[in-house]
Each structure stands twice: as C-alpha cells, then as structure tokens.
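S.K.: File follows, structure_32.txt with compact mmCIF, C-alpha atoms:
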# COMPACT_ATOMS: atom_id res chain seq x y z
CA MET J 302 0.00 0.00 0.00
CA HIS J 303 1.27 3.46 -0.87
CA LYS J 304 2.18 5.89 1.84
CA THR J 305 -0.27 8.39 0.32
CA ASN J 306 -3.19 5.99 0.79
CA PRO J 307 -2.92 4.59 4.34
CA ILE J 308 -5.43 2.35 6.12
CA ARG J 309 -7.76 4.76 7.95
CA ILE J 310 -8.49 3.55 11.48
CA LEU J 311 -11.07 4.43 14.17
CA ILE J 312 -10.05 3.48 17.74
CA VAL J 313 -12.88 2.73 20.19
CA ASP J 314 -12.01 2.17 23.87
CA ASP J 315 -13.27 3.70 27.11
CA HIS J 316 -9.72 3.96 28.52
CA MET J 317 -7.72 6.93 27.25
CA VAL J 318 -4.41 5.19 28.04
CA VAL J 319 -5.36 2.28 25.77
CA ARG J 320 -6.37 4.65 22.97
CA MET J 321 -3.09 6.56 23.33
CA GLY J 322 -1.10 3.32 23.24
CA LEU J 323 -2.85 2.08 20.12
CA ARG J 324 -2.50 5.46 18.40
CA SER J 325 1.24 5.66 19.11
CA MET J 326 1.73 2.11 17.78
CA ILE J 327 -0.29 2.76 14.62
CA ASP J 328 1.38 6.14 14.00
CA THR J 329 4.72 4.39 13.54
CA GLN J 330 3.32 2.52 10.52
CA PRO J 331 3.63 4.32 7.16
CA ASP J 332 0.60 2.46 5.77
CA MET J 333 -1.79 3.31 8.64
CA THR J 334 -3.33 6.40 10.17
CA VAL J 335 -5.79 7.06 13.02
CA VAL J 336 -8.65 9.22 11.77
CA ALA J 337 -10.72 9.32 14.98
CA GLU J 338 -11.15 8.00 18.52
CA ALA J 339 -14.28 7.17 20.52
CA ALA J 340 -14.75 6.38 24.21
CA ASN J 341 -17.99 4.38 23.97
CA GLY J 342 -20.31 2.65 21.54
CA GLU J 343 -22.50 5.68 20.83
CA GLU J 344 -19.46 7.80 19.98
CA ALA J 345 -18.17 4.93 17.82
CA VAL J 346 -21.31 4.87 15.66
CA ALA J 347 -21.24 8.68 15.29
CA ALA J 348 -17.50 8.71 14.49
CA PHE J 349 -17.92 5.96 11.90
CA ARG J 350 -20.71 7.89 10.23
CA GLU J 351 -18.53 11.02 10.12
CA HIS J 352 -15.24 9.47 8.97
CA VAL J 353 -16.21 6.11 7.36
CA PRO J 354 -12.85 4.53 8.29
CA ASP J 355 -11.37 1.44 6.66
CA ILE J 356 -10.94 -0.36 9.99
CA VAL J 357 -12.52 -0.03 13.44
CA LEU J 358 -10.66 -1.29 16.54
CA MET J 359 -13.57 -1.96 18.90
CA ASP J 360 -13.37 -2.57 22.64
CA LEU J 361 -16.01 -5.00 23.87
CA ARG J 362 -17.22 -3.79 27.25
CA MET J 363 -17.80 -0.08 27.68
CA PRO J 364 -20.28 2.05 29.64
CA GLY J 365 -23.59 2.54 27.84
CA THR J 366 -23.61 1.07 24.33
CA SER J 367 -21.35 -2.00 24.27
CA GLY J 368 -18.87 -2.94 21.56
CA VAL J 369 -21.17 -5.69 20.30
CA GLU J 370 -24.12 -3.28 20.06
CA ALA J 371 -21.98 -0.65 18.34
CA THR J 372 -20.63 -3.26 15.90
CA ALA J 373 -24.17 -4.37 15.03
CA ALA J 374 -25.34 -0.76 14.61
CA ILE J 375 -22.45 0.14 12.32
CA ARG J 376 -22.81 -3.01 10.24
CA GLN J 377 -26.53 -2.39 9.87
CA GLN J 378 -25.81 0.99 8.26
CA TYR J 379 -22.56 0.04 6.52
CA SER J 380 -22.55 -3.62 5.54
CA SER J 381 -18.97 -3.45 4.27
CA ALA J 382 -17.57 -2.07 7.57
CA ARG J 383 -14.50 -3.97 8.75
CA ILE J 384 -14.49 -4.17 12.53
CA ILE J 385 -11.82 -5.76 14.71
CA VAL J 386 -12.81 -6.52 18.28
CA LEU J 387 -9.85 -5.84 20.57
CA THR J 388 -10.52 -6.95 24.13
CA THR J 389 -9.23 -8.64 27.28
CA TYR J 390 -12.26 -10.97 27.35
CA ASP J 391 -12.00 -14.42 25.76
CA GLY J 392 -15.29 -15.99 26.90
CA ASP J 393 -16.94 -18.01 24.17
CA GLU J 394 -20.22 -16.09 24.42
CA ASP J 395 -18.41 -12.76 24.03
CA ILE J 396 -16.69 -14.06 20.90
CA TYR J 397 -19.90 -15.54 19.50
CA ARG J 398 -21.86 -12.31 20.00
CA ALA J 399 -19.13 -10.18 18.45
CA MET J 400 -18.88 -12.40 15.37
CA GLN J 401 -22.68 -12.58 15.09
CA ALA J 402 -22.76 -8.76 15.17
CA GLY J 403 -20.43 -8.69 12.17
CA ALA J 404 -16.87 -8.38 13.52
CA ARG J 405 -14.22 -9.70 11.14
CA ALA J 406 -11.59 -10.35 13.80
CA TYR J 407 -11.49 -11.02 17.53
CA LEU J 408 -8.11 -10.16 19.04
CA LEU J 409 -6.97 -10.14 22.66
CA LYS J 410 -5.14 -7.07 23.92
CA ASP J 411 -2.01 -9.04 24.81
CA ILE J 412 -1.45 -9.96 21.14
CA PRO J 413 2.16 -9.34 19.97
CA LYS J 414 2.56 -5.97 18.20
CA ASN J 415 3.66 -7.32 14.80
CA GLU J 416 0.88 -9.91 14.75
CA PHE J 417 -1.65 -7.20 15.64
CA LEU J 418 -0.50 -4.90 12.84
CA ASP J 419 -0.47 -7.79 10.35
CA ASP J 420 -4.04 -8.68 11.37
CA ILE J 421 -5.17 -5.10 10.69
CA ARG J 422 -3.70 -5.38 7.20
CA ALA J 423 -5.28 -8.80 6.71
CA VAL J 424 -8.76 -7.60 7.69
CA HIS J 425 -8.33 -4.55 5.48
CA SER J 426 -7.59 -6.97 2.63
CA GLY J 427 -10.88 -8.75 3.27
CA ASN J 428 -9.79 -11.61 5.55
CA TYR J 429 -11.13 -12.81 8.88
CA CYS J 430 -8.69 -13.15 11.79
CA ILE J 431 -9.52 -15.53 14.63
CA PRO J 432 -6.47 -16.62 16.70
CA PRO J 433 -6.31 -20.37 17.57
CA THR J 434 -7.09 -19.81 21.29
CA VAL J 435 -10.14 -17.73 20.39
CA ALA J 436 -11.28 -20.30 17.81
CA ALA J 437 -10.98 -23.02 20.48
CA SER J 438 -13.20 -21.01 22.85
CA LEU J 439 -15.74 -20.55 20.08
CA ALA J 440 -15.68 -24.26 19.28
CA ARG J 441 -16.47 -25.08 22.93
CA ARG J 442 -19.67 -23.07 22.65
CA ILE J 443 -21.06 -24.97 19.66
CA PRO J 444 -22.20 -28.20 21.41
CA TYR J 445 -24.52 -26.33 23.76
CA ALA J 446 -27.94 -25.20 22.65
CA ASP J 447 -28.76 -21.51 22.98
CA LEU J 448 -30.55 -20.41 26.12
CA SER J 449 -34.08 -19.13 25.64
CA THR J 450 -34.89 -15.55 26.63
CA ARG J 451 -36.54 -16.75 29.84
CA GLU J 452 -33.63 -19.07 30.66
CA PHE J 453 -31.24 -16.16 30.18
CA GLU J 454 -33.34 -14.09 32.63
CA VAL J 455 -33.28 -16.95 35.16
CA LEU J 456 -29.51 -17.36 34.73
CA GLU J 457 -29.02 -13.64 35.42
CA THR J 458 -30.94 -13.99 38.69
CA ILE J 459 -28.89 -17.07 39.63
CA VAL J 460 -25.69 -15.08 39.08
CA ASN J 461 -27.16 -12.37 41.33
CA GLY J 462 -27.69 -14.94 44.07
CA LEU J 463 -31.48 -15.24 44.12
CA SER J 464 -33.21 -18.38 45.40
CA ASN J 465 -35.87 -20.21 43.37
CA LYS J 466 -38.57 -18.58 45.51
CA GLU J 467 -37.12 -15.11 44.90
CA ILE J 468 -36.74 -15.81 41.17
CA ALA J 469 -40.37 -16.98 40.98
CA SER J 470 -41.50 -13.77 42.66
CA ALA J 471 -39.28 -11.55 40.47
CA LEU J 472 -40.45 -13.16 37.22
CA SER J 473 -44.07 -13.77 38.30
CA VAL J 474 -43.93 -17.52 37.69
CA THR J 475 -44.27 -20.59 39.92
CA GLU J 476 -41.34 -22.17 41.75
CA SER J 477 -41.81 -25.39 39.77
CA THR J 478 -41.46 -23.39 36.53
CA VAL J 479 -38.26 -21.86 37.86
CA LYS J 480 -36.99 -25.32 38.79
CA ASN J 481 -37.64 -26.53 35.23
CA HIS J 482 -35.77 -23.56 33.80
CA VAL J 483 -32.84 -24.14 36.17
CA ASN J 484 -32.61 -27.82 35.18
CA SER J 485 -32.64 -26.85 31.50
CA ILE J 486 -29.92 -24.23 32.07
CA LEU J 487 -27.71 -26.77 33.90
CA ALA J 488 -28.09 -29.21 31.00
CA LYS J 489 -27.37 -26.62 28.33
CA LEU J 490 -24.30 -25.29 30.14
CA ASN J 491 -23.18 -28.83 30.98
CA VAL J 492 -22.78 -28.04 34.70
CA ARG J 493 -23.95 -29.80 37.87
CA ASP J 494 -25.34 -27.04 40.08
CA ARG J 495 -26.30 -23.38 40.38
CA THR J 496 -22.83 -22.31 41.57
CA GLN J 497 -21.20 -23.90 38.53
CA ALA J 498 -23.86 -22.32 36.31
CA ALA J 499 -23.10 -18.86 37.73
CA THR J 500 -19.35 -19.40 37.37
CA ALA J 501 -19.70 -20.64 33.78
CA ALA J 502 -22.04 -17.76 32.87
CA LEU J 503 -19.52 -15.17 34.08
CA ARG J 504 -16.44 -16.92 32.67
CA ARG J 505 -18.00 -17.41 29.25
CA GLY J 506 -19.47 -13.92 29.09
CA ILE J 507 -23.10 -15.10 28.95
CA VAL J 508 -23.87 -12.82 31.90
CA THR J 509 -21.81 -9.82 32.99
CA LEU J 510 -21.83 -8.04 36.32
CA ASP J 511 -22.33 -4.28 36.11
Starting from the file, lay out its structure as structure tokens.
M.R.:
Amino acid sequence: MHKTNPIRILIVDDHMVVRMGLRSMIDTQPDMTVVAEAANGEEAVAAFREHVPDIVLMDLRMPGTSGVEATAAIRQQYSSARIIVLTTYDGDEDIYRAMQAGARAYLLKDIPKNEFLDDIRAVHSGNYCIPPTVAASLARRIPYADLSTREFEVLETIVNGLSNKEIASALSVTESTVKNHVNSILAKLNVRDRTQAATAALRRGIVTLD
C-alpha cells in the first residue's frame, strides 16, 4: 500500500491510556493512520458515520452502548464495515456475540505488536482473523444449545444470588417453573449445580456483572 493511501483507522475504547497506546503504535506505521477516537459505543457509531474509516478497533465492554451493540449498529448501516474486536475478554459467548454482530476479527489485547499490525492489514484486505485460542473457545460453545430468553433471565438472577422462591416472585412464575428452567440451564451449560452455572455464565461472558 502506498504511503499516500494509508489504512484509515477508528479506535474505540473507554480507557484513554489504551487509545493513546494504540495510536502511538499505529502512528509508527507508514501504511496506517488514526482518523478518529471514541470512548464508547455511541461515539463509535457517530464517528464511523462522520469518517467512514477502513478499519474499526472496537473494545467489547464499555459504559452505555457495548462494543457488540456498536458493531451491530455500524454493520446495519454500513454492511462493508470492517471491525476488529480488541478486548481482554475471551469468553466463548463474548466471541460468538461479536462475530454474530459482524466483527471480522477477535483479538486479545495481549497480542504481539507485529501480529496485531499484520491482522489489521489482513482484515483490510478482506480476511477474517480468529487466533487459535479464540477459535478453540468458540468451538467449545457450539455443542450447547442456545438459552431461551426466559432461561437467560433466570440465569441472570442465579448469578445475582437469588433463590428459586425469589426468582419466581421476580419473574411472576411458579417455583416449579423456575426449577424446570434451572434444570434446562444446567443441562445446556453442561454443569452440575447453580454455583457452577453462575461461574460458567460469568467466565464465558453469557452474563456480565455491572
């Protein structure tokens, strides 16, 4: 790529230090330039609309609009948008949601510099970039059926420590209905009890704590 036509990049991260670090790394590359920065998902969508960059480096978890929501919103308006998720989270549900939203790469923030820069170039060229460890996490998700909306709600209450009686009251259902949902959740997550279900939900990114 010619120096006069660099890859135009939008950096999205709620931590200024991270944005500064990424910008300084990218600025050393003659074939790349940072055209804008955003600190949350809403700003990311607005910045994309204004600058229409070649590549977006998208953090996953940010206050307000998340990286997954911002990715989906951008891709809905610009189907050719090339978005790279750059995060510290490697839970299989996080990865699945990001790829479902339209991300073309899922990179962890501890990725070696040269590999990271090469992946930006690869995505810009039209490729997908999923590191082996991330692909393995995604593969682990596949055998388990998706949770229903109600099961997801029940799982959230389990993570928050509610008993079956409290869950029944919160969701306006009977305790036996809750028990059925819990049993289904345990089977789908391939765990033995509520504690394991809560641990798996947090580790895999199915549920996040605010």
S.K.: Please provide as a ChimeraX atom specification all residues within 10 Å of His316 (chain J), with the sequence filter that same-chain residues fewer than 5 positions apart are discarded (counting only C-alpha atoms).
M.R.: /J:321,339-341,360,363
S.K.: Figure out the distance between CA of Thr500 (chain J) and CA of Ala437 (chain J), please, to one decimal in Å.
M.R.: 19.2 Å
S.K.: If I take CA of Ala488 (chain J) and CA of Val460 (chain J), how far is one from the other in Å, to one decimal?
M.R.: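 CA of Val460 (chain J) lies at a distance of 16.5 Å from CA of Ala488 (chain J).
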S.K.: Under the rule that all atoms listed in the file are counted, which of J:Ser464, J:Asp447, J:Ile384, J:Leu510 is the nearest residue to Lys480 (chain J)?
M.R.: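 Closest to Lys480 (chain J) of all the choices is J:Ser464.
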S.K.: Looking at J:Leu503, J:Ile356, J:Val508, J:Pro364, which one is nearest to Ser426 (chain J), with distances taken over only C-alpha atoms?
M.R.: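 Ranking J:Leu503, J:Ile356, J:Val508, J:Pro364 by distance to Ser426 (chain J), first place goes to J:Ile356.
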